[in-house]
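Source file: data04.pdb. Holds: PDB, C-alpha atoms.
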```
ATOM      1  CA  GLY A   1      96.019  99.081 111.424
ATOM      2  CA  VAL A   2      98.877 101.363 112.532
ATOM      3  CA  ASP A   3      98.857 101.580 116.329
ATOM      4  CA  THR A   4      99.779 104.726 118.236
ATOM      5  CA  VAL A   5     103.324 103.526 118.989
ATOM      6  CA  LYS A   6     103.983 102.954 115.288
ATOM      7  CA  GLN A   7     102.277 106.281 114.421
ATOM      8  CA  ALA A   8     104.524 108.169 116.830
ATOM      9  CA  GLU A   9     107.591 106.370 115.531
ATOM     10  CA  THR A  10     106.624 107.075 111.917
ATOM     11  CA  PHE A  11     105.850 110.734 112.612
ATOM     12  CA  ALA A  12     109.224 111.105 114.352
ATOM     13  CA  ALA A  13     110.943 109.568 111.310
ATOM     14  CA  VAL A  14     109.109 111.961 108.983
ATOM     15  CA  ARG A  15     110.123 114.927 111.165
ATOM     16  CA  ALA A  16     113.733 113.718 111.165
ATOM     17  CA  ALA A  17     113.751 113.181 107.392
ATOM     18  CA  PHE A  18     112.675 116.777 106.794
ATOM     19  CA  ASP A  19     114.509 118.318 109.777
ATOM     20  CA  ILE A  20     111.260 119.487 111.388
ATOM     21  CA  PRO A  21     111.591 120.291 115.103
ATOM     22  CA  ARG A  22     109.332 118.581 117.637
ATOM     23  CA  ILE A  23     106.071 120.448 118.230
ATOM     24  CA  GLU A  24     104.956 120.112 121.850
ATOM     25  CA  ASP A  25     101.192 120.427 121.340
ATOM     26  CA  LEU A  26     100.986 118.286 118.183
ATOM     27  CA  LYS A  27      98.298 115.596 118.300
ATOM     28  CA  LEU A  28      98.719 112.533 116.103
ATOM     29  CA  ARG A  29      94.948 112.181 115.816
ATOM     30  CA  ASP A  30      95.008 115.401 113.770
ATOM     31  CA  TYR A  31      96.981 113.521 111.067
ATOM     32  CA  PRO A  32      94.968 110.348 110.387
ATOM     33  CA  THR A  33      95.885 109.948 106.686
ATOM     34  CA  LEU A  34      99.058 109.956 104.643
ATOM     35  CA  ALA A  35      97.760 113.049 102.827
ATOM     36  CA  SER A  36      97.464 114.898 106.145
ATOM     37  CA  VAL A  37     101.022 113.882 107.106
ATOM     38  CA  ILE A  38     102.299 115.113 103.736
ATOM     39  CA  GLN A  39     100.418 118.366 104.250
ATOM     40  CA  PHE A  40     102.018 118.684 107.702
ATOM     41  CA  VAL A  41     105.457 118.478 106.061
ATOM     42  CA  ARG A  42     104.463 121.059 103.451
ATOM     43  CA  ASP A  43     103.083 123.365 106.165
ATOM     44  CA  GLN A  44     106.288 123.092 108.208
ATOM     45  CA  LYS A  45     108.589 123.325 105.202
ATOM     46  CA  PRO A  46     106.890 125.712 102.738
ATOM     47  CA  GLU A  47     109.846 125.450 100.388
ATOM     48  CA  LEU A  48     108.727 121.866  99.750
ATOM     49  CA  ALA A  49     105.077 122.798  99.189
ATOM     50  CA  GLN A  50     105.299 123.098  95.422
ATOM     51  CA  PRO A  51     105.507 119.757  93.627
ATOM     52  CA  THR A  52     107.930 119.590  90.729
ATOM     53  CA  THR A  53     106.690 119.892  87.167
ATOM     54  CA  ASP A  54     108.507 116.703  86.245
ATOM     55  CA  ASP A  55     105.704 114.293  85.369
ATOM     56  CA  ARG A  56     107.973 111.324  84.738
ATOM     57  CA  ARG A  57     107.558 108.365  87.026
ATOM     58  CA  PRO A  58     110.584 107.437  89.123
ATOM     59  CA  THR A  59     112.673 104.906  87.249
ATOM     60  CA  THR A  60     114.843 103.505  90.009
ATOM     61  CA  ASN A  61     113.922 100.490  92.057
ATOM     62  CA  GLU A  62     116.283 101.545  94.786
ATOM     63  CA  VAL A  63     115.746  99.813  98.107
ATOM     64  CA  VAL A  64     116.734 101.829 101.131
ATOM     65  CA  PRO A  65     118.390  99.472 103.594
ATOM     66  CA  PHE A  66     117.197  99.488 107.171
ATOM     67  CA  SER A  67     118.912  97.419 109.787
ATOM     68  CA  VAL A  68     118.307  96.769 113.418
ATOM     69  CA  ALA A  69     121.407  96.417 115.538
ATOM     70  CA  PRO A  70     121.186  93.981 118.427
ATOM     71  CA  PRO A  71     121.327  95.484 121.896
ATOM     72  CA  VAL A  72     124.812  96.067 123.285
ATOM     73  CA  VAL A  73     125.617  93.699 126.110
ATOM     74  CA  SER A  74     128.096  95.163 128.551
ATOM     75  CA  GLY A  75     129.902  94.192 131.698
ATOM     76  CA  PRO A  76     132.622  91.685 132.464
ATOM     77  CA  SER A  77     132.083  88.187 131.084
ATOM     78  CA  SER A  78     128.764  89.170 129.589
ATOM     79  CA  VAL A  79     126.761  86.370 128.084
ATOM     80  CA  VAL A  80     126.214  87.067 124.408
ATOM     81  CA  ASP A  81     123.147  85.256 123.154
ATOM     82  CA  PRO A  82     122.681  85.882 119.446
ATOM     83  CA  VAL A  83     119.270  84.175 119.444
ATOM     84  CA  THR A  84     117.861  86.451 122.156
ATOM     85  CA  GLU A  85     119.513  89.550 120.663
ATOM     86  CA  THR A  86     118.148  88.832 117.190
ATOM     87  CA  VAL A  87     114.624  87.993 118.382
ATOM     88  CA  LEU A  88     114.520  91.160 120.509
ATOM     89  CA  ALA A  89     115.792  93.247 117.570
ATOM     90  CA  ILE A  90     113.090  91.814 115.301
ATOM     91  CA  VAL A  91     110.327  92.386 117.860
ATOM     92  CA  ALA A  92     111.581  95.926 118.496
ATOM     93  CA  GLU A  93     111.588  96.658 114.757
ATOM     94  CA  LYS A  94     108.114  95.192 114.226
ATOM     95  CA  THR A  95     106.434  96.731 117.279
ATOM     96  CA  GLY A  96     108.288  99.974 117.873
ATOM     97  CA  TYR A  97     109.129  99.038 121.469
ATOM     98  CA  PRO A  98     112.738  99.693 122.506
ATOM     99  CA  THR A  99     114.623  96.459 123.207
ATOM    100  CA  GLU A 100     115.266  97.508 126.815
ATOM    101  CA  MET A 101     111.487  97.409 127.442
ATOM    102  CA  LEU A 102     111.099  93.878 126.095
ATOM    103  CA  GLU A 103     111.128  91.401 128.948
ATOM    104  CA  LEU A 104     111.224  87.752 127.932
ATOM    105  CA  GLU A 105     108.180  86.740 129.987
ATOM    106  CA  LEU A 106     105.865  89.483 128.732
ATOM    107  CA  ASP A 107     102.859  88.164 126.842
ATOM    108  CA  LEU A 108     102.993  89.425 123.275
ATOM    109  CA  GLU A 109      99.265  90.082 123.058
ATOM    110  CA  ALA A 110      98.192  90.860 126.636
ATOM    111  CA  ASP A 111     101.263  92.818 127.786
ATOM    112  CA  LEU A 112     102.617  94.286 124.545
ATOM    113  CA  GLY A 113      99.389  94.605 122.552
ATOM    114  CA  VAL A 114     100.803  92.712 119.573
ATOM    115  CA  ASP A 115      97.841  91.555 117.481
ATOM    116  CA  THR A 116      97.821  88.240 115.615
ATOM    117  CA  VAL A 117      98.742  89.816 112.283
ATOM    118  CA  LYS A 118     101.812  91.469 113.828
ATOM    119  CA  GLN A 119     102.629  88.213 115.647
ATOM    120  CA  ALA A 120     102.525  86.344 112.329
ATOM    121  CA  GLU A 121     104.761  88.968 110.667
ATOM    122  CA  THR A 122     107.179  88.838 113.584
ATOM    123  CA  PHE A 123     107.276  85.051 113.607
ATOM    124  CA  ALA A 124     107.910  85.012 109.844
ATOM    125  CA  ALA A 125     110.786  87.483 110.314
ATOM    126  CA  VAL A 126     112.252  85.312 113.096
ATOM    127  CA  ARG A 127     112.010  82.232 110.877
ATOM    128  CA  ALA A 128     113.678  84.103 108.022
ATOM    129  CA  ALA A 129     116.471  85.443 110.250
ATOM    130  CA  PHE A 130     117.363  81.917 111.365
ATOM    131  CA  ASP A 131     116.512  80.155 108.075
ATOM    132  CA  ILE A 132     113.787  78.058 109.708
ATOM    133  CA  PRO A 133     111.330  76.565 107.216
ATOM    134  CA  ARG A 134     107.591  77.174 107.594
ATOM    135  CA  ILE A 135     105.875  74.600 109.807
ATOM    136  CA  GLU A 136     102.351  73.886 108.575
ATOM    137  CA  ASP A 137     100.745  72.930 111.905
ATOM    138  CA  LEU A 138     102.446  75.646 113.985
ATOM    139  CA  LYS A 139     100.051  77.660 116.168
ATOM    140  CA  LEU A 140     101.056  81.157 117.257
ATOM    141  CA  ARG A 141      99.111  80.759 120.490
ATOM    142  CA  ASP A 142     101.724  78.156 121.517
ATOM    143  CA  TYR A 143     104.328  80.958 121.548
ATOM    144  CA  PRO A 144     102.750  83.709 123.677
ATOM    145  CA  THR A 145     105.973  85.154 125.151
ATOM    146  CA  LEU A 146     109.353  86.203 123.830
ATOM    147  CA  ALA A 147     110.930  83.422 125.878
ATOM    148  CA  ARG A 148     108.769  80.871 124.022
ATOM    149  CA  VAL A 149     109.696  82.379 120.638
ATOM    150  CA  ILE A 150     113.385  82.170 121.571
ATOM    151  CA  GLN A 151     112.886  78.563 122.676
ATOM    152  CA  PHE A 152     111.221  77.831 119.304
ATOM    153  CA  VAL A 153     114.396  79.025 117.546
ATOM    154  CA  ARG A 154     116.587  76.902 119.818
ATOM    155  CA  ASP A 155     114.346  73.866 119.270
ATOM    156  CA  GLN A 156     114.522  74.303 115.494
ATOM    157  CA  LYS A 157     118.227  75.184 115.435
ATOM    158  CA  PRO A 158     119.858  73.151 118.245
ATOM    159  CA  GLU A 159     123.301  74.437 117.239
ATOM    160  CA  LEU A 160     122.164  77.855 118.542
ATOM    161  CA  ALA A 161     120.931  76.516 121.885
ATOM    162  CA  GLN A 162     123.910  77.553 123.995
ATOM    163  CA  PRO A 163     124.840  81.217 124.450
ATOM    164  CA  THR A 164     128.544  82.041 124.282
ATOM    165  CA  THR A 165     130.649  83.973 126.766
ATOM    166  CA  ASP A 166     132.373  86.928 125.171
ATOM    167  CA  ASP A 167     133.966  89.886 126.960
ATOM    168  CA  ARG A 168     134.070  92.049 123.829
ATOM    169  CA  ARG A 169     131.493  94.726 123.147
ATOM    170  CA  PRO A 170     130.039  94.516 119.639
ATOM    171  CA  THR A 171     131.756  96.855 117.208
ATOM    172  CA  THR A 172     130.238  98.722 114.315
ATOM    173  CA  ASN A 173     132.229  96.502 111.943
ATOM    174  CA  GLU A 174     130.484  93.325 113.031
ATOM    175  CA  VAL A 175     127.768  91.881 110.848
ATOM    176  CA  VAL A 176     124.260  92.376 112.192
ATOM    177  CA  PRO A 177     122.334  89.114 111.771
ATOM    178  CA  PHE A 178     119.047  90.777 110.827
ATOM    179  CA  SER A 179     118.094  93.498 108.395
ATOM    180  CA  VAL A 180     114.935  94.599 106.652
ATOM    181  CA  ALA A 181     114.758  96.534 103.417
ATOM    182  CA  ALA A 182     112.291  99.390 103.447
ATOM    183  CA  PRO A 183     109.483  98.915 100.932
ATOM    184  CA  VAL A 184     109.836 100.609  97.576
ATOM    185  CA  VAL A 185     107.095 103.159  97.010
ATOM    186  CA  SER A 186     106.384 104.127  93.446
ATOM    187  CA  GLY A 187     104.049 106.841  92.318
TER     188      GLY A 187
END
```

Can you give me the file's structure in the form of structure tokens?
Amino acid sequence: GVDTVKQAETFAAVRAAFDIPRIEDLKLRDYPTLASVIQFVRDQKPELAQPTTDDRRPTTNEVVPFSVAPPVVSGPSSVVDPVTETVLAIVAEKTGYPTEMLELELDLEADLGVDTVKQAETFAAVRAAFDIPRIEDLKLRDYPTLARVIQFVRDQKPELAQPTTDDRRPTTNEVVPFSVAAPVVSG
């Protein structure tokens, strides 16, 4: 169920992790399995081709943190809307689309190709980010656009309904309201 956007993003991350330069004529369809991606790394980095003789299983349960910074809002008297910024950061993280491509009126399914499983994951992440409890009779089809998802947050958390005016640019020392831990993979 990994779409081509997520495949490209993942392949780029693998290349970056192993310092493998971009290959112009590479076709993602030539690497349909994890084994083929691993073999790609071994082919590009022969020094990594030999597995270690250590047959012990990894013992750490280390979680590698991954965070998504909200988009930087610039300009004089910019309106800083933490709800919109956080929702866009979550959608960008879940879909692979850059935040600057995410327009609030785009339909998640028709315009962005976000299937119902990804919509459910995204909605769950939005609820978690804003500490909104699960609503039993909620229907995802009632929230087809990013604007509707943002309105859902504001409806559930009225104290977040009004954006603030702030002339400062976010700094790297500010707390990012949303982060996701990468899954732990054990062998």

Self-check item: Computed interatomic separation between atom CA of Asp155 of chain A and atom CA of Gly96 of chain A (Å)
Solution: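 Separation of atom CA of Asp155 of chain A and atom CA of Gly96 of chain A: 26.8 Å.
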
Self-check item: Residue members of the PyMOL selection byres ((chain A and resi 106) around 12) in the file shown, as a ChimeraX atom specification
Solution: /A:101-105,107-114,143-149

Practice problem: Compare A:Lys139, A:Lys118, A:Arg15, A:Arg42 by their minimum atom-to-atom distance to Glu93 of chain A, counting all atoms listed in the file, and give me the closest one. | Solution: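 Closest to Glu93 of chain A, using all atoms listed in the file: A:Lys118.
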
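For Val117 of chain A, the residues within 12 Å (counting only C-alpha atoms, excluding itself and residues fewer than 3 positions away along the chain) are Gly1, Val2, Lys94, Thr95, Leu108, Glu109, Gly113, Val114, Ala120, Glu121, Thr122, Phe123, Ala124 and Leu140 of chain A.
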
Would you export the selected residues with C-alpha atoms as an mmCIF file, in the frame of the given file, please?
```cif
data_model
loop_
_atom_site.group_PDB
_atom_site.id
_atom_site.type_symbol
_atom_site.label_atom_id
_atom_site.label_comp_id
_atom_site.auth_asym_id
_atom_site.auth_seq_id
_atom_site.Cartn_x
_atom_site.Cartn_y
_atom_site.Cartn_z
ATOM 1 C CA GLY A 1 96.019 99.081 111.424
ATOM 2 C CA VAL A 2 98.877 101.363 112.532
ATOM 3 C CA LYS A 94 108.114 95.192 114.226
ATOM 4 C CA THR A 95 106.434 96.731 117.279
ATOM 5 C CA LEU A 108 102.993 89.425 123.275
ATOM 6 C CA GLU A 109 99.265 90.082 123.058
ATOM 7 C CA GLY A 113 99.389 94.605 122.552
ATOM 8 C CA VAL A 114 100.803 92.712 119.573
ATOM 9 C CA ALA A 120 102.525 86.344 112.329
ATOM 10 C CA GLU A 121 104.761 88.968 110.667
ATOM 11 C CA THR A 122 107.179 88.838 113.584
ATOM 12 C CA PHE A 123 107.276 85.051 113.607
ATOM 13 C CA ALA A 124 107.910 85.012 109.844
ATOM 14 C CA LEU A 140 101.056 81.157 117.257
#
```

Quiz item: In Å, with one decimal, what is the gap from atom CA of Lys27 of chain A to atom CA of Ala92 of chain A?
Solution: 23.7 Å

Quiz item: What is the distance between atom CA of Arg154 of chain A and atom CA of Val91 of chain A, in Å to one decimal?
Solution: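 So the two atoms, atom CA of Arg154 of chain A and atom CA of Val91 of chain A, lie 16.8 Å apart.
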
Quiz item: From the set A:Tyr97, A:Ala35, A:Val126, A:Pro46, which residue has the shortest atom-to-atom contact distance to Thr4 of chain A, counting only C-alpha atoms?
Solution: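 Of A:Tyr97, A:Ala35, A:Val126, A:Pro46, the one nearest Thr4 of chain A is A:Tyr97, counting only C-alpha atoms.
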
Practice problem: Can you turn the PyMOL selection byres ((chain A and resi 130) around 9) into a concrete residue list for this file, as number ranges by chain? | Solution: A: 83, 125-129, 131-132, 153, 157, 177

Self-check item: Distance criterion (all atoms listed in the file): nearest to Phe152 of chain A out of A:Val37, A:Ala89, A:Ala13, A:Thr84
Solution: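 Of A:Val37, A:Ala89, A:Ala13, A:Thr84, the one nearest Phe152 of chain A, counting all atoms listed in the file, is A:Thr84.
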
Exercise. Starting from the shown file, work through the PyMOL selection byres ((chain A and resi 20) around 12) and note down what comes out as an MDAnalysis selection string.
Key: chainID A and resid 11:19 21:23 40:46
